[in-house]
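A.B. asks: Just so it is clear, I am handing over data00.csv, which has CSV, C-alpha atoms.
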chain,number,residue,atom,x,y,z
A,1,MET,CA,-3.9,66.1,2.7
A,2,THR,CA,-6.3,63.5,1.2
A,3,THR,CA,-9.0,62.1,3.5
A,4,VAL,CA,-10.1,58.6,2.8
A,5,VAL,CA,-13.7,57.9,3.8
A,6,THR,CA,-14.3,54.3,4.9
A,7,GLU,CA,-17.7,52.8,5.0
A,8,LYS,CA,-18.5,50.4,7.8
A,9,VAL,CA,-19.7,47.2,6.3
A,10,PRO,CA,-22.3,45.4,8.5
A,11,ALA,CA,-21.3,42.0,9.6
A,12,PRO,CA,-23.0,39.2,7.9
A,13,ALA,CA,-26.0,37.8,9.7
A,14,GLU,CA,-25.5,34.6,11.5
A,15,SER,CA,-26.6,31.6,9.6
A,16,GLY,CA,-29.8,29.9,10.6
A,17,PRO,CA,-30.0,26.4,12.0
A,18,LEU,CA,-28.6,23.7,9.7
A,19,LEU,CA,-31.3,21.9,7.8
A,20,LEU,CA,-31.7,18.3,8.9
A,21,THR,CA,-30.7,15.7,6.3
A,22,ARG,CA,-33.8,14.1,4.8
A,23,ARG,CA,-34.0,10.4,5.7
A,24,THR,CA,-34.4,7.9,2.9
A,25,MET,CA,-35.8,4.3,3.2
A,26,PRO,CA,-33.2,1.7,2.2
A,27,GLY,CA,-33.8,0.3,-1.3
A,28,TRP,CA,-34.0,-3.3,-0.1
A,29,ILE,CA,-37.1,-2.8,2.0
A,30,PRO,CA,-39.6,-2.5,-0.9
A,31,TRP,CA,-38.1,-5.7,-2.4
A,32,ALA,CA,-38.4,-7.5,0.9
A,33,ILE,CA,-42.0,-6.3,1.3
A,34,GLY,CA,-42.7,-7.5,-2.3
A,35,ALA,CA,-41.2,-10.9,-1.5
A,36,GLY,CA,-43.4,-11.1,1.6
A,37,ALA,CA,-46.5,-10.1,-0.5
A,38,VAL,CA,-45.7,-12.9,-3.0
A,39,GLY,CA,-45.4,-15.4,-0.1
A,40,LEU,CA,-48.7,-14.2,1.3
A,41,GLY,CA,-50.4,-14.7,-2.1
A,42,VAL,CA,-49.0,-18.2,-2.4
A,43,LEU,CA,-50.1,-19.1,1.1
A,44,THR,CA,-53.6,-17.8,0.5
A,45,LYS,CA,-53.8,-19.8,-2.7
A,46,ALA,CA,-52.7,-22.9,-0.8
A,47,LEU,CA,-55.3,-22.4,2.0
A,48,LYS,CA,-58.2,-21.0,0.0
A,49,ASP,CA,-57.4,-22.5,-3.4
A,50,ASN,CA,-58.2,-19.1,-5.0
A,51,TRP,CA,-55.6,-17.3,-7.0
A,52,ALA,CA,-57.7,-14.1,-7.3
A,53,LEU,CA,-58.0,-13.8,-3.5
A,54,GLY,CA,-54.3,-14.5,-3.1
A,55,ALA,CA,-53.4,-11.7,-5.6
A,56,PHE,CA,-55.8,-9.3,-3.8
A,57,TYR,CA,-54.3,-10.0,-0.4
A,58,ALA,CA,-50.7,-9.7,-1.8
A,59,GLY,CA,-51.4,-6.4,-3.5
A,60,LEU,CA,-53.1,-4.9,-0.5
A,61,PHE,CA,-50.3,-6.1,1.8
A,62,PHE,CA,-47.6,-4.6,-0.4
A,63,ILE,CA,-49.4,-1.2,-0.7
A,64,VAL,CA,-50.0,-0.9,3.0
A,65,ALA,CA,-46.6,-2.2,4.1
A,66,VAL,CA,-44.6,0.1,1.8
A,67,THR,CA,-46.7,3.1,2.9
A,68,VAL,CA,-46.3,2.4,6.6
A,69,ALA,CA,-42.6,1.8,6.2
A,70,SER,CA,-42.1,5.0,4.4
A,71,TRP,CA,-44.2,6.9,6.9
A,72,ARG,CA,-42.0,5.6,9.8
A,73,LEU,CA,-38.6,5.9,8.1
A,74,GLU,CA,-39.1,8.9,5.9
A,75,ASP,CA,-41.8,11.6,6.1
A,76,GLY,CA,-45.4,12.2,5.2
A,77,ARG,CA,-44.8,13.6,1.8
A,78,ARG,CA,-42.6,10.7,0.7
A,79,ALA,CA,-45.1,8.3,2.2
A,80,LYS,CA,-47.8,9.7,0.0
A,81,ASP,CA,-45.5,9.4,-3.0
A,82,ARG,CA,-44.7,5.7,-2.1
A,83,PHE,CA,-48.4,5.0,-1.7
A,84,ALA,CA,-49.2,6.3,-5.2
A,85,THR,CA,-46.2,4.5,-6.7
A,86,SER,CA,-47.0,1.2,-5.0
A,87,LEU,CA,-50.7,1.5,-6.0
A,88,VAL,CA,-49.8,2.0,-9.7
A,89,SER,CA,-47.1,-0.8,-9.6
A,90,THR,CA,-49.5,-3.2,-8.0
A,91,ALA,CA,-52.2,-2.5,-10.5
A,92,PHE,CA,-49.8,-3.0,-13.4
A,93,VAL,CA,-48.6,-6.4,-11.9
A,94,LEU,CA,-52.2,-7.5,-11.4
A,95,ALA,CA,-53.1,-6.6,-15.0
A,96,ILE,CA,-50.0,-8.2,-16.5
A,97,VAL,CA,-50.1,-11.5,-14.6
A,98,PRO,CA,-53.2,-12.9,-16.3
A,99,LEU,CA,-51.7,-11.9,-19.7
A,100,VAL,CA,-48.4,-13.7,-19.0
A,101,SER,CA,-50.2,-16.7,-17.5
A,102,ILE,CA,-52.4,-17.1,-20.6
A,103,LEU,CA,-49.5,-16.7,-22.9
A,104,GLY,CA,-47.4,-19.1,-20.9
A,105,TYR,CA,-50.2,-21.7,-20.8
A,106,THR,CA,-50.8,-21.3,-24.6
A,107,VAL,CA,-47.1,-21.8,-25.3
A,108,MET,CA,-47.0,-24.9,-23.0
A,109,LYS,CA,-50.0,-26.5,-24.6
A,110,GLY,CA,-49.4,-25.4,-28.1
A,111,THR,CA,-45.9,-26.6,-28.5
A,112,GLU,CA,-47.0,-30.2,-27.9
A,113,LYS,CA,-48.7,-30.4,-31.3
A,114,LEU,CA,-46.8,-27.7,-33.2
A,115,SER,CA,-44.5,-29.2,-35.9
A,116,PRO,CA,-43.6,-28.8,-39.5
A,117,TYR,CA,-46.1,-31.4,-40.5
A,118,PHE,CA,-48.9,-29.5,-38.6
A,119,LEU,CA,-48.0,-26.3,-40.4
A,120,SER,CA,-47.9,-27.8,-43.9
A,121,HIS,CA,-51.0,-30.0,-44.0
A,122,SER,CA,-54.7,-29.4,-44.0
A,123,MET,CA,-57.6,-31.2,-42.4
A,124,ARG,CA,-58.9,-32.8,-45.6
A,125,GLY,CA,-59.8,-36.4,-45.1
A,126,VAL,CA,-59.0,-36.4,-41.4
A,127,GLY,CA,-61.4,-38.4,-39.3
A,128,PRO,CA,-62.3,-38.0,-35.6
A,129,ARG,CA,-60.0,-40.9,-34.6
A,130,ASP,CA,-57.0,-39.7,-36.7
A,131,ASP,CA,-54.1,-37.9,-35.0
A,132,THR,CA,-53.2,-36.1,-38.2
A,133,GLY,CA,-54.0,-33.0,-40.0
A,134,GLY,CA,-52.8,-29.4,-39.7
A,135,ILE,CA,-53.5,-25.7,-40.2
A,136,TYR,CA,-52.0,-24.9,-43.6
A,137,HIS,CA,-55.4,-24.2,-45.1
A,138,ALA,CA,-56.3,-21.9,-42.1
A,139,ILE,CA,-53.0,-20.0,-42.4
A,140,ILE,CA,-53.6,-19.3,-46.1
A,141,GLY,CA,-57.1,-18.1,-45.3
A,142,THR,CA,-56.1,-15.8,-42.5
A,143,LEU,CA,-53.3,-14.2,-44.5
A,144,GLU,CA,-55.5,-13.7,-47.6
A,145,GLN,CA,-58.5,-12.3,-45.7
A,146,VAL,CA,-56.5,-10.0,-43.5
A,147,GLY,CA,-54.3,-9.0,-46.4
A,148,LEU,CA,-57.2,-8.0,-48.5
A,149,ALA,CA,-58.8,-6.1,-45.7
A,150,THR,CA,-55.5,-4.2,-45.1
A,151,LEU,CA,-55.1,-3.5,-48.8
A,152,PHE,CA,-58.4,-1.6,-48.8
A,153,ALA,CA,-58.4,-0.2,-45.2
A,154,VAL,CA,-55.0,1.5,-45.3
A,155,PRO,CA,-55.5,3.7,-48.4
A,156,ILE,CA,-59.0,4.6,-47.4
A,157,GLY,CA,-58.1,5.3,-43.8
A,158,LEU,CA,-55.0,7.2,-44.6
A,159,LEU,CA,-56.7,9.4,-47.1
A,160,THR,CA,-59.5,10.1,-44.6
A,161,ALA,CA,-57.0,11.0,-41.9
A,162,ILE,CA,-55.1,13.4,-44.3
A,163,TYR,CA,-58.4,15.1,-45.3
A,164,LEU,CA,-59.4,15.5,-41.6
A,165,VAL,CA,-56.0,17.0,-40.6
A,166,GLU,CA,-54.9,18.9,-43.6
A,167,TYR,CA,-58.1,20.0,-45.5
A,168,GLY,CA,-61.2,19.1,-43.4
A,169,ARG,CA,-63.1,22.1,-42.3
A,170,GLY,CA,-66.8,22.5,-41.8
A,171,ARG,CA,-69.8,20.2,-41.7
A,172,LEU,CA,-68.4,17.4,-43.9
A,173,ALA,CA,-65.3,16.9,-41.6
A,174,LYS,CA,-67.5,16.8,-38.5
A,175,THR,CA,-69.8,14.3,-40.2
A,176,ILE,CA,-66.8,12.0,-41.1
A,177,THR,CA,-65.4,12.3,-37.5
A,178,PHE,CA,-68.8,11.4,-36.1
A,179,PHE,CA,-69.1,8.3,-38.2
A,180,VAL,CA,-65.5,7.2,-37.5
A,181,ASP,CA,-66.4,7.5,-33.8
A,182,VAL,CA,-69.5,5.4,-34.3
A,183,MET,CA,-67.6,2.7,-36.2
A,184,THR,CA,-65.1,2.4,-33.4
A,185,GLY,CA,-67.7,0.9,-31.1
A,186,VAL,CA,-69.4,-1.4,-33.7
A,187,PRO,CA,-69.3,-5.0,-32.5
A,188,SER,CA,-67.7,-7.5,-34.9
A,189,ILE,CA,-70.9,-9.5,-35.2
A,190,VAL,CA,-72.8,-6.4,-36.4
A,191,ALA,CA,-70.2,-5.8,-39.1
A,192,GLY,CA,-70.6,-9.5,-40.1
A,193,LEU,CA,-74.4,-9.2,-40.2
A,194,PHE,CA,-74.2,-6.0,-42.3
A,195,VAL,CA,-71.9,-7.6,-44.9
A,196,TYR,CA,-74.0,-10.8,-44.9
A,197,ALA,CA,-77.3,-8.8,-45.5
A,198,PHE,CA,-75.8,-6.5,-48.2
A,199,TRP,CA,-73.2,-8.6,-49.9
A,200,ILE,CA,-74.7,-12.1,-49.8
A,201,MET,CA,-78.5,-11.6,-49.4
A,202,MET,CA,-79.0,-8.4,-51.5
A,203,LEU,CA,-76.3,-8.7,-54.1
A,204,GLY,CA,-76.3,-12.5,-54.3
A,205,PHE,CA,-72.6,-13.2,-53.8
A,206,GLU,CA,-71.6,-16.5,-52.1
A,207,GLN,CA,-69.8,-17.1,-48.8
A,208,ALA,CA,-66.1,-16.7,-49.4
A,209,GLY,CA,-62.9,-15.3,-48.0
A,210,PHE,CA,-63.5,-11.9,-49.6
A,211,ALA,CA,-66.8,-11.5,-47.8
A,212,GLY,CA,-64.9,-12.0,-44.5
A,213,SER,CA,-62.4,-9.4,-45.7
A,214,LEU,CA,-65.2,-6.8,-46.1
A,215,ALA,CA,-66.2,-7.3,-42.5
A,216,LEU,CA,-62.6,-7.1,-41.3
A,217,LEU,CA,-62.3,-3.9,-43.4
A,218,ILE,CA,-65.2,-2.3,-41.5
A,219,LEU,CA,-63.5,-3.2,-38.2
A,220,MET,CA,-60.0,-2.0,-39.3
A,221,LEU,CA,-61.0,1.3,-40.8
A,222,PRO,CA,-61.7,3.4,-37.7
A,223,THR,CA,-58.5,2.2,-36.0
A,224,VAL,CA,-56.4,3.2,-39.1
A,225,VAL,CA,-58.2,6.6,-39.4
A,226,ARG,CA,-57.8,7.5,-35.7
A,227,SER,CA,-54.1,6.4,-35.4
A,228,ALA,CA,-53.1,8.1,-38.6
A,229,GLU,CA,-55.0,11.2,-37.7
A,230,GLU,CA,-53.2,11.5,-34.3
A,231,MET,CA,-49.8,10.9,-35.9
A,232,LEU,CA,-50.4,13.5,-38.5
A,233,LYS,CA,-51.4,16.0,-35.8
A,234,LEU,CA,-48.1,15.4,-34.0
A,235,VAL,CA,-46.1,16.7,-37.1
A,236,PRO,CA,-44.9,20.2,-36.2
A,237,ASN,CA,-46.6,23.0,-38.1
A,238,GLU,CA,-43.2,24.6,-38.6
A,239,LEU,CA,-42.3,21.9,-41.1
A,240,ARG,CA,-45.5,22.5,-43.1
A,241,GLU,CA,-44.9,26.3,-43.0
A,242,ALA,CA,-41.3,26.0,-44.1
A,243,SER,CA,-42.3,23.8,-47.1
A,244,LEU,CA,-45.1,26.1,-48.1
A,245,ALA,CA,-42.8,29.2,-47.7
A,246,LEU,CA,-40.5,27.7,-50.3
A,247,GLY,CA,-43.4,27.5,-52.8
A,248,VAL,CA,-44.1,23.8,-52.5
A,249,PRO,CA,-47.8,22.9,-53.2
A,250,LYS,CA,-49.9,21.7,-50.3
A,251,TRP,CA,-50.3,18.2,-51.8
A,252,ARG,CA,-46.6,17.8,-52.3
A,253,THR,CA,-45.9,19.1,-48.7
A,254,VAL,CA,-48.2,16.4,-47.4
A,255,LEU,CA,-46.6,13.7,-49.5
A,256,LYS,CA,-42.9,14.6,-49.0
A,257,VAL,CA,-42.8,16.2,-45.6
A,258,VAL,CA,-45.8,15.3,-43.4
A,259,LEU,CA,-46.2,11.6,-44.3
A,260,PRO,CA,-42.5,10.7,-44.0
A,261,THR,CA,-42.4,12.4,-40.6
A,262,ALA,CA,-45.4,10.5,-39.3
A,263,LEU,CA,-44.6,7.2,-41.1
A,264,GLY,CA,-43.4,5.3,-38.0
A,265,GLY,CA,-46.6,6.0,-36.0
A,266,ILE,CA,-48.8,5.3,-39.1
A,267,ILE,CA,-47.3,1.9,-39.5
A,268,THR,CA,-47.7,1.1,-35.8
A,269,GLY,CA,-51.4,2.1,-36.1
A,270,VAL,CA,-51.9,-0.2,-39.1
A,271,MET,CA,-50.3,-3.1,-37.2
A,272,LEU,CA,-52.6,-2.4,-34.2
A,273,ALA,CA,-55.6,-2.5,-36.6
A,274,ILE,CA,-54.4,-5.8,-38.0
A,275,ALA,CA,-53.9,-7.2,-34.5
A,276,ARG,CA,-57.5,-6.0,-33.8
A,277,VAL,CA,-59.1,-8.1,-36.5
A,278,ILE,CA,-56.8,-11.1,-37.1
A,279,GLY,CA,-58.4,-13.0,-34.2
A,280,GLU,CA,-62.1,-12.2,-35.0
A,281,THR,CA,-64.3,-15.2,-35.3
A,282,ALA,CA,-67.9,-14.1,-35.3
A,283,PRO,CA,-68.0,-12.4,-38.7
A,284,LEU,CA,-66.1,-15.2,-40.3
A,285,LEU,CA,-68.6,-17.8,-39.1
A,286,LEU,CA,-71.3,-15.9,-41.1
A,287,LEU,CA,-69.3,-15.0,-44.2
A,288,VAL,CA,-66.4,-17.4,-44.8
A,289,GLY,CA,-67.7,-20.9,-43.9
A,290,ALA,CA,-65.4,-23.6,-42.5
A,291,SER,CA,-63.6,-25.4,-45.2
A,292,GLN,CA,-61.3,-28.3,-44.3
A,293,SER,CA,-59.4,-28.2,-47.5
A,294,ILE,CA,-56.9,-25.8,-49.0
A,295,ASN,CA,-58.6,-22.9,-51.0
A,296,SER,CA,-56.2,-20.3,-52.3
A,297,ASP,CA,-58.9,-18.3,-54.0
A,298,PRO,CA,-60.6,-15.9,-51.6
A,299,PHE,CA,-63.3,-15.0,-54.2
A,300,ASN,CA,-64.8,-18.5,-54.8
A,301,GLY,CA,-65.9,-21.1,-52.3
A,302,TRP,CA,-65.6,-21.6,-48.6
A,303,GLN,CA,-62.3,-20.8,-46.9
A,304,SER,CA,-60.9,-21.4,-43.4
A,305,ALA,CA,-59.0,-19.1,-41.1
A,306,LEU,CA,-57.1,-19.6,-37.9
A,307,PRO,CA,-59.8,-18.3,-35.6
A,308,LEU,CA,-62.3,-20.5,-37.3
A,309,TYR,CA,-60.0,-23.5,-37.0
A,310,VAL,CA,-59.6,-22.9,-33.2
A,311,PHE,CA,-63.4,-22.6,-32.9
A,312,ASP,CA,-64.0,-25.7,-34.9
A,313,GLN,CA,-61.5,-27.8,-33.1
A,314,ASN,CA,-62.6,-26.7,-29.7
A,315,HIS,CA,-66.1,-28.0,-30.6
A,316,ALA,CA,-65.0,-31.1,-32.4
A,317,GLY,CA,-65.3,-33.3,-29.3
A,318,ASN,CA,-62.6,-35.8,-30.0
A,319,LYS,CA,-59.4,-36.4,-27.9
A,320,PHE,CA,-57.1,-34.9,-30.6
A,321,SER,CA,-58.9,-31.6,-31.3
A,322,PRO,CA,-57.9,-29.7,-28.1
A,323,ASP,CA,-54.2,-30.1,-29.0
A,324,ARG,CA,-54.9,-28.8,-32.5
A,325,ALA,CA,-56.8,-25.8,-31.1
A,326,TRP,CA,-54.0,-24.9,-28.7
A,327,ALA,CA,-51.4,-25.2,-31.5
A,328,ALA,CA,-53.4,-23.1,-33.9
A,329,ALA,CA,-53.9,-20.4,-31.1
A,330,LEU,CA,-50.1,-20.4,-30.6
A,331,THR,CA,-49.5,-20.0,-34.3
A,332,LEU,CA,-51.9,-17.0,-34.4
A,333,ILE,CA,-50.0,-15.4,-31.5
A,334,VAL,CA,-46.7,-15.9,-33.3
A,335,ILE,CA,-48.0,-14.4,-36.5
A,336,VAL,CA,-49.2,-11.3,-34.6
A,337,MET,CA,-45.8,-11.0,-32.8
A,338,VAL,CA,-43.9,-11.3,-36.1
A,339,LEU,CA,-46.1,-8.7,-37.8
A,340,ASN,CA,-45.5,-6.3,-34.9
A,341,LEU,CA,-41.8,-6.9,-35.0
A,342,ALA,CA,-41.7,-6.3,-38.7
A,343,ALA,CA,-43.6,-3.0,-38.2
A,344,ARG,CA,-41.2,-1.8,-35.6
A,345,LEU,CA,-38.2,-2.6,-37.9
A,346,ILE,CA,-39.9,-0.9,-40.9
A,347,ALA,CA,-40.8,2.2,-38.8
A,348,ARG,CA,-37.2,2.5,-37.5
A,349,TRP,CA,-35.8,2.1,-41.0
A,350,LYS,CA,-38.1,4.6,-42.5
A,351,ALA,CA,-38.0,7.2,-39.7
A,352,PRO,CA,-36.2,10.4,-40.8
A,353,LYS,CA,-32.6,10.6,-39.4
A,354,ALA,CA,-31.4,13.6,-37.5
A,355,GLY,CA,-29.3,15.9,-39.5
A,356,ARG,CA,-30.8,15.1,-42.9
Just dump the structure as structure tokens.
C.D. replies:
Amino acid sequence: MTTVVTEKVPAPAESGPLLLTRRTMPGWIPWAIGAGAVGLGVLTKALKDNWALGAFYAGLFFIVAVTVASWRLEDGRRAKDRFATSLVSTAFVLAIVPLVSILGYTVMKGTEKLSPYFLSHSMRGVGPRDDTGGIYHAIIGTLEQVGLATLFAVPIGLLTAIYLVEYGRGRLAKTITFFVDVMTGVPSIVAGLFVYAFWIMMLGFEQAGFAGSLALLILMLPTVVRSAEEMLKLVPNELREASLALGVPKWRTVLKVVLPTALGGIITGVMLAIARVIGETAPLLLLVGASQSINSDPFNGWQSALPLYVFDQNHAGNKFSPDRAWAAALTLIVIVMVLNLAARLIARWKAPKAGR
């Protein structure tokens, strides 16, 4: 007779109390509070005639109201999260509103004068009572000066970044890094004075567009070096090691593997450097002059530029000059936007595709 031993299985412990469902604030409440904050800002502007005070009261009301509502409807942890989120959002809005307002005002004022005639004529022979003239000579000067500066800054900056990331070790690399950091904080007028003292006073060259390009080169170089250096550091070391393991020389690995991988970020950094210098006025006042005629030769004679044109028209003192200045400023903004869009398209086109 077979005996079956049965083990008494203990009964499962009783479940604990059910967890309470966490309450969530309805999504429309922050939007309603935001609308109330905007209304408060507009009301403050109407009463005090001060946009800055209105924006401050609106931001403060939004942060406090959202935090209190979250504290009452949710819990303390979510209230703290709402406070941090509303603080960051308010800071972003307060930072972007002046930019949007300046851009909108420039577009509104600049479109009044902007026309094909304005873009295709210079200021040669235009008197203070003439509602004629344009910025063709300034556009040519800006494109040539910034183009020459870019032509020199990109190879020098890229080679410097490659040396610092791929080869630089020891005292020389530390010295180069130190000088790049110093050049990052150099004011534009100091770069202009340096070029003026060395290129014009010591070497005896005349004021011309190329002298302005040298100053822009000094201002562009640290931005190109730093941006390219950071992009090269983001390339995974596994790609370098795989290439070197196949017997590919170091220089060819950098040229064929590292640079194509970082190309998108490098192009973006170059465009940031161009945007950094394309609106500089102080060094151009010292080095370029202020020609009113078309000069396509950046190496001989005075030459104009869009920042110089805006500065000159802003101080011209006749009733037509402010409209010309606003139109030239709008043109400068459009040129920067087009260059950035082109850089994004080139970076997307040149970026390595997955699976290749």
A.B. asks: Tell me, in Å to one decimal, how far CA of Arg240 (chain A) is from CA of Ala173 (chain A).
C.D. replies: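 Going from CA of Arg240 (chain A) over to CA of Ala173 (chain A), I get 20.6 Å.
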A.B. asks: Can you measure CA of Gln313 (chain A) to CA of Leu193 (chain A) for me? One decimal in Å is fine.
C.D. replies: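 Taking CA of Gln313 (chain A) as the start and CA of Leu193 (chain A) as the end point, the length is 23.7 Å.
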A.B. asks: Need to verify the contact set: Arg276 (chain A), 10 Å, all atoms listed in the file, exclusion of same-chain residues closer than 5 positions in sequence. Can you return it as JSON, numbers by chain?
C.D. replies: {"A": [216, 219, 220, 223, 270, 271, 336]}
A.B. asks: Taking (-42.2, -1.0, -9.5) in the file's coordinates as the center, which residues reach within 12 Å of it, counting only C-alpha atoms, put as a PyMOL selection string?
C.D. replies: chain A and resi 27+30-31+34+62-63+66+82-93
A.B. asks: Just how far from CA of Glu206 (chain A) is CA of Asn300 (chain A), in Å to one decimal?
C.D. replies: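 For CA of Asn300 (chain A) relative to CA of Glu206 (chain A), the distance reads 7.6 Å.
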A.B. asks: Which residue gives the smallest distance to His315 (chain A) among A:Gly247, A:Gly192, A:Pro128, A:Gly141, with only C-alpha atoms counted?
C.D. replies: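 The closest residue to His315 (chain A) is A:Pro128.
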A.B. asks: Find, counting all atoms listed in the file, the residue in A:Ala197, A:Val257, A:Leu148, A:Ile346 that gets nearest to Asp297 (chain A).
C.D. replies: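 Result for the nearest residue to Asp297 (chain A): A:Leu148.
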A.B. asks: Counting only C-alpha atoms, figure out which residue out of A:Thr268, A:Met183, A:Glu166, A:Pro249 gets nearest to Val235 (chain A).
C.D. replies: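 Comparing A:Thr268, A:Met183, A:Glu166, A:Pro249 against Val235 (chain A), the winner is A:Glu166.
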A.B. asks: Find, counting only C-alpha atoms, the residue in A:Trp199, A:Phe210, A:Phe194, A:Phe179 that gets nearest to Leu151 (chain A).
C.D. replies: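 When distances to Leu151 (chain A) are compared using only C-alpha atoms, the smallest one comes from A:Phe210.
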A.B. asks: Quick one: everything within 9 Å of Trp302 (chain A), counting all atoms listed in the file, minus sequence neighbours fewer than 6 positions away in the same chain. Send it as a ChimeraX atom specification.
C.D. replies: /A:206-209,287-291,295
A.B. asks: Residues at most 8 Å from Leu158 (chain A), counting all atoms listed in the file, excluding those fewer than 4 positions away in the same chain, as an mmCIF file with C-alpha atoms, in the frame of the given file?
C.D. replies:
data_model
loop_
_atom_site.group_PDB
_atom_site.id
_atom_site.type_symbol
_atom_site.label_atom_id
_atom_site.label_comp_id
_atom_site.auth_asym_id
_atom_site.auth_seq_id
_atom_site.Cartn_x
_atom_site.Cartn_y
_atom_site.Cartn_z
ATOM 1 C CA VAL A 154 -55.000 1.500 -45.300
ATOM 2 C CA ILE A 162 -55.100 13.400 -44.300
ATOM 3 C CA VAL A 224 -56.400 3.200 -39.100
ATOM 4 C CA VAL A 225 -58.200 6.600 -39.400
ATOM 5 C CA ALA A 228 -53.100 8.100 -38.600
ATOM 6 C CA GLU A 229 -55.000 11.200 -37.700
#
A.B. asks: Neighbours of Leu159 (chain A) within 12 Å (only C-alpha atoms; same-chain residues fewer than 3 positions away dropped), as a VMD selection string?
C.D. replies: chain A and resid 152 to 156 162 to 168 221 224 to 226 228 to 229 232 251 254 to 255 259 266
